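Below is one structure, written out as structure tokens; comments come after it.
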Amino acid sequence: MSSSSGPVARLEGVRLDYRHRDGWLRVLQDVSLDISPGEVVGLVGESGCGKSTLSGLLLGYRHPSARVTNGRAMFEGTDLLKLDRETLDRIRGRRVALIPQNPTTSLNPSMRVGDQIAEVLRFHGVTPSGPATTKRVHEVLESVSLADPSRTARRFPHQLSGGQQQRVTIAMALACNPSLLVLDEPTTGLDVTTQDQILRLLANLRALHGMAMLYVTHDLGVVAQIADRVCVMYAGHVVETASKTVVFDRPRHPYTQGLIASIPRIAEGGARTGLPLKGLLRRSELPRGCPFFPRCDFSRPSCGDTPQRLETIGDEHQVACQRWKDINPDVDSTRVPPQVRPESGPNETLLSLEHVSLRYGRRGPFDKLLGVSAPTVVHDVSLTIGRGEVFALVGESGSGKSTIANAISGLLAPFTGQLRFCDDVLPGTVEERSANLKRRIQYIFQNPDASLNPRARVRSSLARPITKFLSVASSEVGARIATALGEVRIPENYAVRYPDQLSGGERQRVALARALIARPDLLLCDEVLSSLDVSVQASILGLLEALKHDTAVTMLFISHDLAVVRSLADRVAVLFQGHLCEVGDKNLVFAPPFHPYTHSLLQAVPDFGKRARSIDAPEVGASPQAGAACAFVGRCPWQLGNRCVEEPPPWRTSRAGLRIRCHHEPKDLERLANGE
Amino acid sequence: MTTRASLGVVSFSRADVVRFWRQAPASFRIGTAVLAFHIAVAITGPLWAPYGQADLFVGPALAAPGWSHPFGTDVLGRDVFSRVVHGAHLVIVLSVLGTLIGVVVGTTIGLLSAYLRGWFDTLVMRLIETLISIPYLVLALLAVAAAGPEYAGDPVLLVLVVGFVFSPRVARMARAAGLDVVTRDFVTIARLRGESPWSVVVRELLPNATGTLLVEFALRTGYAPVLIGTLGFLGFGLRPPSPEWGLMISEYRNLLLASPFVVLMPGLMLASLIIGLNMWTEGLARILGRSVRYDE
Amino acid sequence: MKLASLLLTRIALAAVTLLLVSVFTFAAVEIIPGDMATRYLGQEATPQAVAVLKKRMGLDRPAPDRYLEWIRGFVVGDFGVSLASERPVSEVLGPKIRNTAILAVSAFILYLPLTLIPAAFAAVNRDRAADHLLTSLNLLAVSIPPFLLATLLLVVFVVVLPWFPAISAVTEETSSWDLVQLLVLPTATLAISMAAYTMRMLRDNLIEILDADFVRMAELKGMSRQRVLWRHALPNALGPSLNITALNVAFLVSGVVVVEKVFAYPGFGRQMVDALLIEDQPVVQATVLLASGVYIAANLLADLGQILLNPRLREG
């Protein structure tokens, strides 16, 4: 065991390189970090900043193509980087355990989860006998709130949901009572409500066992919720460390400030600050001095040449910036409310969905014989979207929001019901639609890597819709492309580039330009921000806001991110497992009364605005009850007994005009939301 | 145009070629050298080979290797060295043409099938599956036999048979590569734009499958000489007195005891050609960042 | 339910494929120019003789009828009568199939260690000298066509070092020791060719598994190198390896044709080539369909095995 005084783990000046095509690429530059016993350290940074590499070092792990040229990774008094495999094997999983980013791929698919936990116990000789091992397996499964441990232990990973899988990896990590947990983005792939449950579980476990944690994430909201101390990384450098309150209230490093400023806050009506991060991290263009120099608003020419050392500026507050004294730590003062679009009067309807149900077809020849049928993904949804508004569709994965977008774009014909566009019935599939209809509905997708043909230059990706949809003289195509690129703030000379010469954000802008060039009436944006880093997200969000302000385009904005929705949308619809729960004006949706589901979503969003949260909030049931009349039965905290199981909930309208589908009256829901 | 933007333009300045060559994997460089040797022999061979491919009794029958006949002579007094040299262009041209047919036909079918899906895909998949279920050599033998005695030994038939045997295998490969691309959003965008299937295949799928298909082409070009040689060896390929190497090995097999050299030399040429092709494929795959998927 | 549907679909697809292969084979033999009777009797035969023979062979009836009759016979083991020997095809093929089965099984037994050991060794030592050496050797072996390899082995072990007989004439009287001697070279040729073929695939497959997240996870929870390899990596590599093995059966069928020809081994493959050369159509049809049937069956077994090995497919 470690002595009670010293840190449980400590990185000392670690310098690490990855083998590169021609030479070595510096990934960690003289990184130092202490973790005291029982302390939770949050490690934050954008993708590619080296935070996962750093977390691996605490397990003595280096990628085969990495080398450490300097520094030590001390754990309980020994340097993990000097140990041979056999000695490491006795520490890993026993004294320090990993909770991986992706539980689905990190669990052995051909081994029952109970066996995967048992082998850790057996291998480290923690339990003396077979029955004792089984008992301990059930014990840890129970400690991570998995119902029916003996049944769960016999499951294969694929038979569990993502959240349950992550609970299993947590149980596996806890099995030997380690003194340090390394958590590498453990909730990144999970829905907000599941994430919330996992975070609460971790907080409870920590209160119970008192182990130290290194929590690696890109999500400041999550850090605010779980960490004691925060360490901010940028391009392989630690740029700021301090206690959580100090980092969020008085950040000194321009990067930390930018990071905080980039995130819209749900509690403040989606307001963002006036100082979001600009540009992006390019590893190949790092200056000799401060790595943040090219993107910094406070930089002086000398910053580019002078390496910045971590300097202690207050109680446990360290910053690697020579200009920290000149920087105003009060980020919130620069916060601006989102732009409000001038009221345009009563909207005419552009698109309406009338009792639309959707299911994905495709059956094998024997499925019919054996009674397997395609499940309905979207149930009886009716919506109207007015011309010129930004309509947001919100829900977790599997809620059917992308399926609805597929129906609007003509990829999936409605199973029942119909769509109307400008009062005309919209043909079900894209093949049946006229060229003009195709032009009027355009689509942008989530993944910027897949949205552009990697083998086509930006120019030809943009030229295609012009020739297809608009009767433009070929001499004018170039000018149109230049204008379109200008609208999304991409330099004109990027037209000759291939997508791999663009960053993720730039690609997303080009995809936006390609959609806008057709002069659409309706723009479908399917999770367009979710795979981007926060700083890039902020700039695209700014662009969309400007677009909303300047043009008459109607947007259907699909997202799981409530804060983003709050800052951009005019009206919001909330979907749960293919059922519409709540529709109305943005400000009404985000204020009581809430549909029970909306309420639990808002409760689950990690937001550093709310900071400390009650750890012992009641755990809601994990899975909805199949066959119930209301889809939310089983997860609903405010269920009205059997009525919710037997009777389909009615649509009710609040005084302000918010429509909620629930057995509760809106005024009762308001009362419940206010905790009365 | 800025310097950055010109990065995407493929240029062939001498310095670029030299740099590419230096950075290329060793297998690529060795493969290229071996292939260059074979192509040189194929193109220039007929100019400097001492004798014609079927000149009879240019020396004593079954002469041992020596100055006048480096690889010796056969029973009919033909110069084995000249025959081997004359065989080079035959083997290379037949292999490349046959493979080309197989790859073009297979790619077209495979990519269309991947994009269209539905009944077309089901039908094509069944057909491909059927043809692949007949072991390739059996299929080739059956095809040669079905063509009938009239066309036996015709080089055109051989090229078509190679193409026929390869095309379902290439189609399966191309379909898999196509399916990988079809799910990506830019293909969906093209579909939503109302592009025709043919346009999607040519503009969106093909450019993104070229790497895989190039490796497939190189790999199959290595299989073709084996198939052609085997057919010749079994008496279903070219007919004597063609100097095709497989046929030569088969013809001279009976001379093994008398003069092993006449069998070894065409064998060595055939093996080195295939080694060159395989190494080149390996290197090419590594340059393109793909793995070689050996197949039957 | 899902599992049953999956298994039934695979079996039905295999049956459909086999049926299509039979149609294809029948059609391919049908389109061989000139009709069977004329070719059999020679150009000088009188039209009457041809007509009589046609009637006897049933060639006067439409092709679909003859196809149905052929396939019906096939199901009950009646493959028709060989034109060359005028004996039932089953009688002609029976002993040949037995000989080939002996050859194929011994080749397969030799092939397994020849491919598994180097593949596993190369994968574990990826990108090190041992891996480079093994993959280079493999590249060399892949580049020597089986008929050339057979010929080379013949040169070395029969001509230069006369250890083995050149001709593998197996008869009822062949003693078991003689049989072993006869089998060594053809078996070695087949096994080496097959191993060359699959070693690389197996290696790549293993490397892919060794790179998987769950293998790294096992390492990071302190499992030993041995346990990571044997308990976490290999069981997950087994499924895909089955398909590679099935692929080899196709190779084995083609290889048998060549090897039997080189070593004059009286087997199924040589019978097929001879029948094709003299256009003995009933024998051709039977051998092609049997060869394809073996491959389809192997593929089906690999598919079913993979489904049963993979818990995701097995337990929905």
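Order determines the names: the first chain of the structure tokens is A, the second B, and so forth; residues in each chain are numbered 1 upward, and ligands are numbered 1 upward as they are shown.
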6 Å contacts from chain C to chain B using only C-alpha atoms, as JSON, numbers by chain: {"C": [17, 21, 28, 32, 33, 143, 144, 145, 250, 254, 292]}
9 Å contacts from chain A to chain C using only C-alpha atoms, as number ranges by chain: A: 59-61, 85-86, 88-94, 96-100, 102-111, 116, 119-120, 123-124, 156-159, 172-173, 364-367, 369-372
Those same residues, written as an mmCIF file, in the first residue's frame with C-alpha atoms?
```
data_model
loop_
_atom_site.group_PDB
_atom_site.id
_atom_site.type_symbol
_atom_site.label_atom_id
_atom_site.label_comp_id
_atom_site.auth_asym_id
_atom_site.auth_seq_id
_atom_site.Cartn_x
_atom_site.Cartn_y
_atom_site.Cartn_z
ATOM 1 C CA LEU A 59 -1.081 1.295 -16.392
ATOM 2 C CA GLY A 60 2.454 0.963 -17.689
ATOM 3 C CA TYR A 61 1.075 0.756 -21.210
ATOM 4 C CA ARG A 85 5.615 -7.809 -18.176
ATOM 5 C CA GLU A 86 5.319 -10.337 -15.315
ATOM 6 C CA LEU A 88 3.229 -5.395 -14.462
ATOM 7 C CA ASP A 89 0.719 -8.233 -14.706
ATOM 8 C CA ARG A 90 0.579 -8.335 -10.909
ATOM 9 C CA ILE A 91 -0.209 -4.609 -10.680
ATOM 10 C CA ARG A 92 -2.607 -4.151 -13.594
ATOM 11 C CA GLY A 93 -6.169 -5.033 -12.753
ATOM 12 C CA ARG A 94 -5.247 -5.428 -9.094
ATOM 13 C CA VAL A 96 -4.665 0.016 -10.852
ATOM 14 C CA ALA A 97 -7.575 -0.777 -13.140
ATOM 15 C CA LEU A 98 -8.805 0.576 -16.442
ATOM 16 C CA ILE A 99 -12.349 1.430 -17.438
ATOM 17 C CA PRO A 100 -12.200 1.647 -21.204
ATOM 18 C CA ASN A 102 -15.815 1.495 -25.623
ATOM 19 C CA PRO A 103 -17.189 -1.376 -23.514
ATOM 20 C CA THR A 104 -18.717 -3.066 -26.565
ATOM 21 C CA THR A 105 -15.350 -3.757 -28.163
ATOM 22 C CA SER A 106 -13.427 -4.038 -24.901
ATOM 23 C CA LEU A 107 -15.301 -7.063 -23.598
ATOM 24 C CA ASN A 108 -14.370 -10.410 -25.087
ATOM 25 C CA PRO A 109 -17.373 -11.266 -27.303
ATOM 26 C CA SER A 110 -17.033 -15.022 -26.865
ATOM 27 C CA MET A 111 -16.751 -15.122 -23.067
ATOM 28 C CA GLN A 116 -14.345 -12.227 -17.566
ATOM 29 C CA GLU A 119 -10.552 -14.514 -14.323
ATOM 30 C CA VAL A 120 -9.296 -11.231 -12.878
ATOM 31 C CA PHE A 123 -5.447 -14.604 -11.826
ATOM 32 C CA HIS A 124 -4.579 -12.115 -9.113
ATOM 33 C CA PHE A 156 -22.479 -12.645 -23.200
ATOM 34 C CA PRO A 157 -21.544 -8.993 -23.754
ATOM 35 C CA HIS A 158 -23.802 -8.594 -26.792
ATOM 36 C CA GLN A 159 -26.826 -9.516 -24.688
ATOM 37 C CA MET A 172 -14.327 -5.836 -13.447
ATOM 38 C CA ALA A 173 -12.158 -2.872 -12.479
ATOM 39 C CA GLY A 364 -35.204 -13.235 -44.646
ATOM 40 C CA PRO A 365 -37.161 -15.988 -46.434
ATOM 41 C CA PHE A 366 -37.740 -17.895 -43.205
ATOM 42 C CA ASP A 367 -38.535 -14.931 -40.983
ATOM 43 C CA LEU A 369 -42.464 -18.573 -41.515
ATOM 44 C CA LEU A 370 -41.068 -18.293 -38.014
ATOM 45 C CA GLY A 371 -43.062 -15.194 -37.194
ATOM 46 C CA VAL A 372 -40.253 -12.629 -37.079
#
```
Would you kindly return, as an MDAnalysis selection string, each protein, DNA or RNA residue with an atom no farther than 9 Å from any atom of region 49-51 of chain B, considering only C-alpha atoms and excluding same-chain residues fewer than 3 positions away? chainID B and resid 44:46 54:55 58 68:69 78:79 81:83 85:86
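Contact shell of region 431-445 of chain A at 6 Å (only C-alpha atoms; same-chain neighbours under 3 positions omitted): A:Pro427, A:Ala515, A:Ala518, A:Pro520, A:Asp521, A:Leu522, A:Leu523, A:Leu524, A:Cys525, A:Asp526, A:Val528.
Within 8 Å of chain B, chain A contributes the residues Ser409, Gly410, Leu411, Val430, Glu431, Ala435, Lys438, Arg439, Tyr443, Phe445, Asn447, Ala450, Ser451, Leu452, Asn453, Pro454, Arg455, Pro465, Lys468, Asn493, Tyr494, Val496, Arg497 and Tyr498 of chain A, using only C-alpha atoms.
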Any idea what the distance is between CA of Arg659 (chain A) and CA of Leu580 (chain A)? 10.2 Å
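Minimum atom-to-atom distances from A:Ser397, A:Ser129, A:Gln322, A:Thr483 to Ile517 (chain A) were compared using only C-alpha atoms, and the lowest value belongs to A:Thr483.
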When you look at Ala174 (chain B) with a cut-off of 10 Å (counting only C-alpha atoms), what residues show up, excluding the ones that are within fewer than 3 positions of it in the same chain? I need them as a PyMOL selection string. chain B and resi 103+106-114+168-171+177-180+205-206+209-210+212-213+216
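Note that the spacing between CA of Val246 (chain A) and CA of Glu39 (chain A) amounts to 16.2 Å.
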Got a sec to tell me which of region 148-387 of chain A DSSP assigns to strand (DSSP E), as a ChimeraX atom specification? /A:180-184,212-217,229-234,237-243,272-273,311-314,317-319,335-336,349-359,376-386
Please write the residues from the selection above to a file, keeping C-alpha atoms, as a compact mmCIF listing (two decimals), in the first residue's frame.
```
# COMPACT_ATOMS: atom_id res chain seq x y z
CA LEU A 180 -6.49 3.83 -8.66
CA LEU A 181 -9.06 3.71 -11.44
CA VAL A 182 -8.12 5.03 -14.86
CA LEU A 183 -11.26 5.97 -16.79
CA ASP A 184 -10.71 6.66 -20.47
CA ALA A 212 -8.41 7.55 -6.59
CA MET A 213 -9.53 8.17 -10.16
CA LEU A 214 -8.09 9.68 -13.29
CA TYR A 215 -11.10 10.63 -15.37
CA VAL A 216 -10.19 11.34 -18.99
CA THR A 217 -12.79 13.18 -21.06
CA ARG A 229 -9.18 18.69 -9.51
CA VAL A 230 -8.95 19.39 -13.24
CA CYS A 231 -5.95 19.12 -15.50
CA VAL A 232 -6.28 20.72 -18.95
CA MET A 233 -4.13 19.39 -21.78
CA TYR A 234 -3.35 20.95 -25.09
CA HIS A 237 1.25 19.89 -22.81
CA VAL A 238 -0.47 20.33 -19.48
CA VAL A 239 -1.56 23.97 -19.71
CA GLU A 240 -3.49 24.39 -16.48
CA THR A 241 -4.29 22.45 -13.34
CA ALA A 242 -6.37 23.59 -10.44
CA SER A 243 -9.24 22.58 -8.26
CA ARG A 272 -22.25 31.23 -25.25
CA THR A 273 -19.44 33.67 -24.58
CA GLU A 311 3.95 28.03 -12.93
CA THR A 312 2.21 27.95 -9.58
CA ILE A 313 0.05 31.05 -9.29
CA GLY A 314 -2.16 30.21 -6.39
CA HIS A 317 -3.30 26.43 -9.25
CA GLN A 318 -0.72 26.03 -11.99
CA VAL A 319 -0.76 27.65 -15.42
CA ARG A 335 -21.30 35.68 -22.16
CA VAL A 336 -23.83 36.81 -24.74
CA THR A 349 -46.77 25.42 -42.90
CA LEU A 350 -43.90 24.11 -45.01
CA LEU A 351 -43.88 20.46 -44.03
CA SER A 352 -46.28 18.33 -42.09
CA LEU A 353 -46.23 14.73 -40.94
CA GLU A 354 -49.67 13.19 -40.59
CA HIS A 355 -49.89 10.07 -38.43
CA VAL A 356 -46.60 8.75 -39.77
CA SER A 357 -45.40 5.30 -38.69
CA LEU A 358 -42.12 3.96 -39.96
CA ARG A 359 -40.44 0.59 -40.03
CA THR A 376 -42.05 -0.29 -35.92
CA VAL A 377 -39.42 2.37 -35.24
CA VAL A 378 -41.60 5.45 -35.31
CA HIS A 379 -45.18 5.35 -34.03
CA ASP A 380 -47.93 7.61 -35.31
CA VAL A 381 -46.07 10.92 -35.34
CA SER A 382 -47.81 14.12 -36.42
CA LEU A 383 -45.86 17.35 -36.71
CA THR A 384 -45.97 20.61 -38.60
CA ILE A 385 -42.93 22.66 -39.44
CA GLY A 386 -43.51 26.29 -40.39
```
